[in-house]
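Enquirer: Have a look at the structure that comes next, please.
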Amino acid sequence: MSKVKVMDHPLIQHKIGWVRREELGSKEFRKLISEIAMLECYEATRELELNDVVVKTPICETTVKELKGKKLAVVPILRAGLGMVDGMLAMIPAAKVGHIGLYRDPDTLEPVEYYCKLPDDCGEREVFVVDPMLATGGSSVAAIQMLKEKGVQKIHFLCVIAAPEGVERMKEAHPDVDIYIGALDERLNEQGYIVPGLGDAGDRIFGTK
């Protein structure tokens, strides 16, 4: 069964309070989304396995902890997911990066694929899928299904804001995927936007309308 973790760290909550503000410009919005992703990554990697390794300090030899040969990958859902990549890589710089492009059909609200480029060895990697918004859940469900079809077995999903409807859809479709959420909001409106949310994350990251 998937683990759903809603972040309660004061720094995350403070930064989410700022990104919700309508008057915040794209430069600051991008910076804060990246910082939130970095803080969420800290929590999402908590259970990575470690090995004991002997090293020599300036004083003597000692045994330290080191990641257990984990191959990691970060896969943003385009285009808004790009805003979370730098923050993730700040924490796990050796991770490879793939890209999945999906857009939401304005009539059906269902995802339509237009791009998929993943590391050749993606099936051997532990993958962190990132998208600032988990609204209807259509895009994240589709992206994770694409990864599973490529042989990926260990997947985590990270978002900044989620609606209950999207969380439930994800849990139903992918009960083996852990979900990390910055803030769980009230609901979706008639247009499929999260309420209170923060608007269109992609437009706010890239300064488009």
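Note on naming: chains are A, B, ... as they come in the structure tokens, residues start from 1 per chain, ligands start from 1 in the order shown.
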For region 165-169 of chain A, please output as an MDAnalysis selection string all residues within 6 Å (counting only C-alpha atoms; exclusion window: fewer than 2 positions along the same chain).
Expert: chainID A and resid 134:137 163 171:172
Enquirer: Store the residues picked out above in a file with N, CA and C atoms, as an mmCIF file, in the first residue's frame.
Expert:
```cif
data_model
loop_
_atom_site.group_PDB
_atom_site.id
_atom_site.type_symbol
_atom_site.label_atom_id
_atom_site.label_comp_id
_atom_site.auth_asym_id
_atom_site.auth_seq_id
_atom_site.Cartn_x
_atom_site.Cartn_y
_atom_site.Cartn_z
ATOM 1 N N LEU A 134 -0.727 18.080 -8.130
ATOM 2 C CA LEU A 134 -1.462 16.826 -8.287
ATOM 3 C C LEU A 134 -2.939 17.198 -8.202
ATOM 4 N N ALA A 135 -3.538 17.420 -9.367
ATOM 5 C CA ALA A 135 -4.919 17.913 -9.426
ATOM 6 C C ALA A 135 -5.890 16.749 -9.633
ATOM 7 N N THR A 136 -6.242 16.462 -10.891
ATOM 8 C CA THR A 136 -7.117 15.313 -11.148
ATOM 9 C C THR A 136 -6.375 14.001 -10.979
ATOM 10 N N GLY A 137 -5.054 14.054 -11.107
ATOM 11 C CA GLY A 137 -4.246 12.841 -11.015
ATOM 12 C C GLY A 137 -4.019 12.171 -12.351
ATOM 13 N N ALA A 163 -4.717 17.934 -4.556
ATOM 14 C CA ALA A 163 -6.143 17.893 -4.243
ATOM 15 C C ALA A 163 -6.504 16.478 -3.793
ATOM 16 N N LYS A 171 -3.660 6.693 -5.534
ATOM 17 C CA LYS A 171 -3.636 5.528 -4.643
ATOM 18 C C LYS A 171 -4.332 4.333 -5.282
ATOM 19 N N GLU A 172 -5.425 4.608 -5.987
ATOM 20 C CA GLU A 172 -6.176 3.525 -6.625
ATOM 21 C C GLU A 172 -5.410 2.932 -7.801
#
```
Enquirer: Would you list the contacts of Val129 (chain A) as JSON, numbers by chain, taking every protein, DNA or RNA residue within 12 Å and counting only C-alpha atoms, but skipping same-chain residues closer than 3 positions in sequence?
Expert: {"A": [37, 41, 44, 72, 73, 74, 75, 76, 77, 78, 80, 81, 82, 84, 85, 88, 97, 98, 99, 100, 118, 126, 132, 133, 134, 139, 140, 141, 142, 143, 144, 145, 146, 147, 152, 154, 155, 156, 157, 158, 159, 177, 178, 179, 180]}
Enquirer: List the neighbours of Lys65 (chain A) out to 10 Å using only C-alpha atoms; skip same-chain residues closer than 3 positions along the sequence, and give me the result as a PyMOL selection string.
Expert: chain A and resi 49-55+68
Enquirer: One decimal, in Å: what's the spacing between CA of His174 (chain A) and CA of Val127 (chain A)?
Expert: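 Interatomic distance here is 14.1 Å.
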Enquirer: Excluding Gly151 (chain A) and residues on its chain fewer than 5 positions from it, collect all residues at most 8 Å away from it, counting only C-alpha atoms, and give them as a PyMOL selection string.
Expert: chain A and resi 122-124
Enquirer: Keeping only N, CA and C atoms, write the selected residues as an mmCIF file, in the first residue's frame.
Expert:
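So the final result, stored in out_25.cif, reads:
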```
data_model
loop_
_atom_site.group_PDB
_atom_site.id
_atom_site.type_symbol
_atom_site.label_atom_id
_atom_site.label_comp_id
_atom_site.auth_asym_id
_atom_site.auth_seq_id
_atom_site.Cartn_x
_atom_site.Cartn_y
_atom_site.Cartn_z
ATOM 1 N N CYS A 122 16.799 3.071 -17.190
ATOM 2 C CA CYS A 122 15.776 3.559 -16.261
ATOM 3 C C CYS A 122 15.145 2.422 -15.461
ATOM 4 N N GLY A 123 14.998 1.268 -16.087
ATOM 5 C CA GLY A 123 14.394 0.133 -15.415
ATOM 6 C C GLY A 123 15.179 -0.350 -14.213
ATOM 7 N N GLU A 124 16.468 0.001 -14.139
ATOM 8 C CA GLU A 124 17.319 -0.407 -13.028
ATOM 9 C C GLU A 124 17.375 0.655 -11.934
#
```
Enquirer: Mind checking which residues fall within 7 Å of region 16-26 of chain A, counting only C-alpha atoms, ignoring those fewer than 5 positions away in the same chain, and posting them as a count of residues only?
Expert: 7
Enquirer: Measuring atom to atom with only C-alpha atoms, identify which of A:Lys71, A:Thr63, A:Gly138, A:Asp105 is nearest to Pro119 (chain A).
Expert: A:Lys71
Enquirer: Where in chain A does DSSP assign strand (DSSP E or B), given as a PyMOL selection string?
Expert: chain A and resi 4-6+50-56+61-67+72-78+96-97+99-104+111-117+126-130+133-134+154-162+178-184+187-188+194-195
Enquirer: As a list of chain:residue names, please: all residues of region 166-204 of chain A that backbone DSSP puts in helix (DSSP H, G or I).
Expert: A:Gly166, A:Val167, A:Glu168, A:Arg169, A:Met170, A:Lys171, A:Glu172, A:Ala173, A:Ala201, A:Gly202, A:Asp203, A:Arg204
Enquirer: Taking N, CA and C atoms for each residue, export the selection above as a PDB file, in the first residue's frame.
Expert:
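The resulting result-v1.pdb:
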```pdb
ATOM      1  N   GLY A 166      -7.049  13.923  -6.616  1.00  0.00           N
ATOM      2  CA  GLY A 166      -5.861  13.401  -7.278  1.00  0.00           C
ATOM      3  C   GLY A 166      -5.144  12.362  -6.443  1.00  0.00           C
ATOM      4  N   VAL A 167      -5.097  12.596  -5.138  1.00  0.00           N
ATOM      5  CA  VAL A 167      -4.452  11.630  -4.244  1.00  0.00           C
ATOM      6  C   VAL A 167      -5.183  10.288  -4.293  1.00  0.00           C
ATOM      7  N   GLU A 168      -6.500  10.327  -4.237  1.00  0.00           N
ATOM      8  CA  GLU A 168      -7.276   9.089  -4.274  1.00  0.00           C
ATOM      9  C   GLU A 168      -7.098   8.349  -5.593  1.00  0.00           C
ATOM     10  N   ARG A 169      -7.063   9.102  -6.696  1.00  0.00           N
ATOM     11  CA  ARG A 169      -6.874   8.461  -8.004  1.00  0.00           C
ATOM     12  C   ARG A 169      -5.500   7.804  -8.093  1.00  0.00           C
ATOM     13  N   MET A 170      -4.482   8.478  -7.558  1.00  0.00           N
ATOM     14  CA  MET A 170      -3.139   7.906  -7.563  1.00  0.00           C
ATOM     15  C   MET A 170      -3.076   6.642  -6.717  1.00  0.00           C
ATOM     16  N   LYS A 171      -3.660   6.693  -5.534  1.00  0.00           N
ATOM     17  CA  LYS A 171      -3.636   5.528  -4.643  1.00  0.00           C
ATOM     18  C   LYS A 171      -4.332   4.333  -5.282  1.00  0.00           C
ATOM     19  N   GLU A 172      -5.425   4.608  -5.987  1.00  0.00           N
ATOM     20  CA  GLU A 172      -6.176   3.525  -6.625  1.00  0.00           C
ATOM     21  C   GLU A 172      -5.410   2.932  -7.801  1.00  0.00           C
ATOM     22  N   ALA A 173      -4.801   3.806  -8.614  1.00  0.00           N
ATOM     23  CA  ALA A 173      -4.119   3.347  -9.831  1.00  0.00           C
ATOM     24  C   ALA A 173      -2.745   2.749  -9.535  1.00  0.00           C
ATOM     25  N   ALA A 201       0.858  26.281 -12.390  1.00  0.00           N
ATOM     26  CA  ALA A 201       2.262  26.285 -11.985  1.00  0.00           C
ATOM     27  C   ALA A 201       3.196  26.501 -13.165  1.00  0.00           C
ATOM     28  N   GLY A 202       2.883  25.886 -14.303  1.00  0.00           N
ATOM     29  CA  GLY A 202       3.721  26.067 -15.483  1.00  0.00           C
ATOM     30  C   GLY A 202       3.776  27.506 -15.945  1.00  0.00           C
ATOM     31  N   ASP A 203       2.628  28.153 -16.010  1.00  0.00           N
ATOM     32  CA  ASP A 203       2.594  29.564 -16.423  1.00  0.00           C
ATOM     33  C   ASP A 203       3.361  30.434 -15.436  1.00  0.00           C
ATOM     34  N   ARG A 204       3.257  30.147 -14.169  1.00  0.00           N
ATOM     35  CA  ARG A 204       3.921  30.968 -13.160  1.00  0.00           C
ATOM     36  C   ARG A 204       5.440  30.728 -13.126  1.00  0.00           C
TER      37      ARG A 204
END
```
Enquirer: From the list A:Val130, A:Ile194, A:Ile59, A:Ala94, which residue is nearest Glu40 (chain A) when using only C-alpha atoms?
Expert: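 Closest to Glu40 (chain A) of all the choices is A:Val130.
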Enquirer: May I ask for the distance between CA of Gln191 (chain A) and CA of Arg104 (chain A), given in Å to one decimal place?
Expert: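 Atom-to-atom, CA of Gln191 (chain A) and CA of Arg104 (chain A) are spaced 11.3 Å apart.
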Enquirer: With distances taken over only C-alpha atoms, which residue among A:Leu188, A:Met38, A:Lys56, A:His9 lies nearest Leu89 (chain A)?
Expert: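 Closest to Leu89 (chain A), using only C-alpha atoms: A:Met38.
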